[in-house]
Every structure is written in C-alpha cells, then in structure tokens.
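Visitor: This structure is in structure tokens; I'll ask about it shortly.
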Amino acid sequence: MELLGSYINGNYTVFIYEDGTRFKETHDDKFIAEYPDSIDCKITNWCDRMCRFCHEDSTPDGKHGDILNAKFIDTLRPYTEIAIGGGNPLSHPDLEEFLGKLKARNVIANMTVNQKHFMEELSRIRRLTDEKLIYGLGISYNVYDEDCIDEVLKFPNAVLHVINGLTNTKMLQKISALSDGQLKLLILGYKEFRRGKEHHSQQVEAWKHEMFRMLPVIIKGFKVVSFDNLAIDQLDVKRLLNKEQWEQFYQGDEGQSSMYIDAVNRKFAINSMSEQTFDLLDSIDDMFAVVKQINM
C-alpha cells in the first residue's frame with residue numbers, strides 16, 4: 001500500500017494509505033487526540049429520495065449549508081478525513097468549490113451518495129475521484145442492482161454502505177458472489193431517530209437478528225468489512241474477535257477522535273444522533289474540546 005500521508009495527533013501517530021486504510025500507533029495505554037482524525041459533515045438536507053428510514057429527515061425542500069463561509073475549514077489539519085453527506089451532497093451548488101478548498105489544505109474528502117444518485121451521476125463522480133477531489137466513495141445500497149455493483153467495482157476506494165435492520169443477508173451473499181468477494185462493505189447501525197424512529201418495525205428487528213446470526217458468514221464474503229460504533233454495539237462485533245484483534249482494529253469510542261458537524265443548521269455534536277448540539281465555532285480545536293468533554 002502506498003502511504004498517502006502521516007501526522008501526529010496528541011500522543012499518537014496516524015498513517016493514511018491510498019486505499020483508505022488508517023493505522024494509529026502510540027506508546028501509551030490509550031489514544032488521546034488533540035483534534036479530530038475524522039469528521040462526519042452534513043452539507044445539505046436536500047434529497048429527492050424521501051427514504052422512510054432517513055434519520056436526517058431530508059426532503060426535496062431541504063436547505064443547503066453555507067459551506068464556503070464555514071471558518072472552521074481553515075483550521076483543519078492536513079490528512080484529516082471529512083466524510084461528506086446529506087441529504088444528497090451531489091445536489092449542493094457549491095460542492096466542487098468546497099472540495100477544492102479541502103484539497104488545497106490536503107484534507108481527505110470522502111463522500112457518501114445514494115445508489116440511485118450514484119448511477120445517475122457516474123461520469124461526474126468519476127471525474128471528482130480522478131481529480132482527487134474525493135478519495136473514499138460510499139454508496140448507500142438497499143435495493144439489489146447488478147449494474148450498480150458492476151459500476152462500484154470500477155472505483156478502487158468505493159465502499160458499499162448498508163444499514164443493519166434494512167438489509168437482507170441473502171442480498172449481501174448474492175453481492176459477495178457477484179463481486180467475487182472484492183467489494184468493501186460498511187455496516188451501519190440502525191438509527192431510531194427522526195424518520196428512522198417512525199419506520200422502526202418488526203421487520204427491522206427480524207433483519208437485525210438475521211444479520212447478527214449471519215455476520216460470521218458475511219464477513220468472509222467481502223474484501224473488507226467495517227462498522228460504525230452503533231453497528232458494533234447492535235451486532236456485538238467484539239464477540240467475533242480475540243482481545244489482540246479487538247485492540248488492533250477498534251478505532252475508539254464516539255468523540256474520542258471523531259465528531260459531527262451539521263453545516264445546514266450550523267451545529268456540531270458528538271455524532272449525528274446526539275440531541276446535545278452546540279452552535280458552530282470558528283475553530284475545529286475549540287469544537288473538539290467540547291466534544292471531548294461530553295465523552296469523558
């Protein structure tokens with residue numbers, strides 16, 4: 001793997017590689033960050049999909065965030081990872097200028113799009129990745145589509161995003177077979193928040209139980225399988241790893257080296273489900289200091 005960059009954050013060193021792999025090393029017992037390694041950033045609440053489970057309540061009437069005048073961008077360190085989402089981030093009129101600002105600061109921009117929007121804007125997305133304006137590409141996937149899988153495989157740093165409770169494990173096994181195990185998969189926890197709370201049902205619970213049961217099989221069918229912290233809890237991922245493996249792979253609790261920014265409502269929080277939010281500040285360090293206090 002080719003090293004993209006490295007930096008020191010607090011008491012540890014971070015190594016970022018071209019394929020999206022991140023390693024953290026420290027001589028201490030735990031990682032203590034001075035600023036976030038990764039930021040989840042919502043830039044718009046506009047989306048035409050109206051997914052019943054959307055925890056962001058995105059709609060065709062949703063507003064765009066004022067991302068070009070967000071002063072905290074000028075305080076981001078090189079190789080900080082920022083995960084851009086929405087809503088549909090491709091709909092934001094300032095997206096490409098924003099990505100240009102991040103690239104100029106050597107910030108690693110990753111973006112998540114719905115599978116429908118991915119297929120509709122393939123040529124644009126390919127241009128953004130070719131120009132290194134986007135490094136990691138997440139595709140939110142919940143309807144089986146072989147053509148979509150074929151296109152995803154053409155992006156080396158693409159990751160298929162699925163939600164625990166909304167994903168049929170038989171579909172995942174079909175995808176694994178179709179891709180010959182070459183796809184990267186991210187399993188997200190089901191968020192009982194906003195529309196996600198309204199959509200929660202017995203079917204969601206049934207598919208959660210099925211994912212829990214089939215997880216050892218699913219893991220073997222993909223090149224890489226990763227989880228957000230909510231999915232780690234819901235699926236008890238720790239049960240599948242020994243102590244050494246857990247310490248090697250676990251990236252830390254919410255807020256330990258990560259945070260959430262809502263550029264639409266100009267708020268920040270420990271994560272996107274937190275009801276404890278704060279007004280956006282000009283400095284990422286100042287905002288992260290607040291987040292760390294919540295995590296203590």
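Just remember, in the structure tokens the first chain shown is A, the second B, etc., residues are 1-based per chain, and ligands are 1-based in the order shown.
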Out of region 148-213 of chain A, which residues get strand (DSSP E) from DSSP, as a PyMOL selection string?
Guide: chain A and resi 158-163+184-188
Visitor: Report as a list in words: the residues of region 121-161 of chain A with a DSSP assignment of helix (DSSP H, G or I), based on the backbone of this structure.
Guide: Leu122, Ser123, Arg124, Ile125, Arg126, Arg127, Leu128, Thr129, Asp130, Glu146, Asp147, Cys148, Ile149, Asp150, Glu151 and Val152 of chain A
Visitor: Can you spit out the residues from that selection as a compact mmCIF listing (two decimals), in the first residue's frame, using C-alpha atoms?
Guide:
```
# COMPACT_ATOMS: atom_id res chain seq x y z
CA LEU A 122 -21.47 8.29 -12.68
CA SER A 123 -19.45 10.47 -15.03
CA ARG A 124 -19.35 13.38 -12.59
CA ILE A 125 -18.37 11.14 -9.67
CA ARG A 126 -15.62 9.54 -11.74
CA ARG A 127 -14.26 12.99 -12.60
CA LEU A 128 -14.26 14.02 -8.93
CA THR A 129 -12.35 10.89 -7.94
CA ASP A 130 -9.93 11.16 -10.89
CA GLU A 146 -26.26 -5.88 -10.55
CA ASP A 147 -25.44 -2.94 -12.83
CA CYS A 148 -24.76 -0.79 -9.78
CA ILE A 149 -22.41 -3.41 -8.32
CA ASP A 150 -20.54 -3.61 -11.63
CA GLU A 151 -20.00 0.17 -11.54
CA VAL A 152 -18.99 0.23 -7.87
```
Visitor: Do a neighbour search on Lys267 (chain A) at 12 Å with only C-alpha atoms, toss out local chain neighbours closer than 5 positions, and write the hits as a PyMOL selection string.
Guide: chain A and resi 41-43+65+70+72+259-262+272+274-282+287
Visitor: Go through A:Arg77, A:Lys63, A:Arg239, A:Arg105 and flag the residue nearest Tyr7 (chain A), using only C-alpha atoms for the distances.
Guide: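 So, comparing all the options, the nearest one is A:Arg77.
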Visitor: Considering only C-alpha atoms, return as a PyMOL selection string whatever protein or nucleic-acid residues lie within 12 Å of Asp28 (chain A), sequence-local ones (same chain, fewer than 6 positions apart) excluded.
Guide: chain A and resi 10-13
Visitor: Export, as a compact mmCIF listing (two decimals), in the first residue's frame, the selected residues with N, CA and C atoms.
Guide:
```
# COMPACT_ATOMS: atom_id res chain seq x y z
N GLY A 10 -1.88 14.51 19.22
CA GLY A 10 -1.80 14.19 20.64
C GLY A 10 -0.65 13.24 20.91
N ASN A 11 -0.97 12.08 21.49
CA ASN A 11 0.07 11.11 21.87
C ASN A 11 0.21 9.96 20.89
N TYR A 12 -0.29 10.13 19.65
CA TYR A 12 -0.18 9.02 18.70
C TYR A 12 0.12 9.53 17.29
N THR A 13 0.55 8.61 16.47
CA THR A 13 0.85 8.90 15.06
C THR A 13 -0.16 8.19 14.18
```
Visitor: List the neighbours of Val143 (chain A) out to 9 Å using only C-alpha atoms; skip same-chain residues closer than 4 positions along the sequence, and give me the result as a list in words.
Guide: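 Listing them by chain and then by number gives Gln115, Thr167 and Met171 of chain A.
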Visitor: Could you check the closest approach to Ile284 (chain A) for each of A:Phe23, A:Tyr35, A:Tyr135, A:Trp246 and tell me which residue wins, using only C-alpha atoms?
Guide: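 Answer, going by the shortest atom-to-atom distance: A:Tyr35.
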Visitor: For Lys116 (chain A), which of A:Cys51, A:Val291, A:Val159, A:Leu240 is the closest residue, counting only C-alpha atoms?
Guide: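 Under the stated criterion, the closest residue is A:Cys51.
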Visitor: Take CA of Gly85 (chain A) and CA of Phe15 (chain A) and report the distance between them in Å, one decimal.
Guide: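 Taking CA of Gly85 (chain A) and CA of Phe15 (chain A), their separation equals 24.0 Å.
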Visitor: To one decimal place in Å, what is the distance between CA of Leu185 (chain A) and CA of Phe222 (chain A)?
Guide: 6.7 Å
Visitor: With a distance cut-off of 8 Å and only C-alpha atoms, select the neighbouring residues of region 186-189 of chain A, excluding the residue or stretch itself and same-chain residues fewer than 3 positions from it, and output the selection as a PyMOL selection string.
Guide: chain A and resi 159-165+225-232+234
Visitor: Write out as JSON, numbers by chain each polymer residue whose atoms come within 8 Å of Ser38 (chain A), counting only C-alpha atoms; drop sequence neighbours fewer than 2 positions from it.
Guide: {"A": [36, 40, 80, 81, 82, 83, 257, 258, 259]}
Visitor: Based on the selection just made, write C-alpha atoms of those residues as a compact mmCIF listing (two decimals), in the first residue's frame.
Guide:
```txt
# COMPACT_ATOMS: atom_id res chain seq x y z
CA PRO A 36 -10.43 15.02 15.32
CA ASP A 40 -18.86 13.49 9.70
CA THR A 80 -7.90 14.98 8.49
CA GLU A 81 -10.68 12.86 6.99
CA ILE A 82 -14.03 14.53 6.40
CA ALA A 83 -16.99 12.36 5.44
CA SER A 257 -11.11 11.21 17.82
CA SER A 258 -14.25 11.99 15.79
CA MET A 259 -17.17 14.42 15.72
```
Visitor: Could you check how far CA of His27 (chain A) sits from CA of Asn271 (chain A), in Å to one decimal?
Guide: 27.9 Å
Visitor: For each of A:Thr59, A:Gly255, A:His117, A:Ala269, take the minimum atom-to-atom distance to Asp37 (chain A), counting only C-alpha atoms, then give the residue where this is smallest.
Guide: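 Nearest to Asp37 (chain A): A:Gly255.
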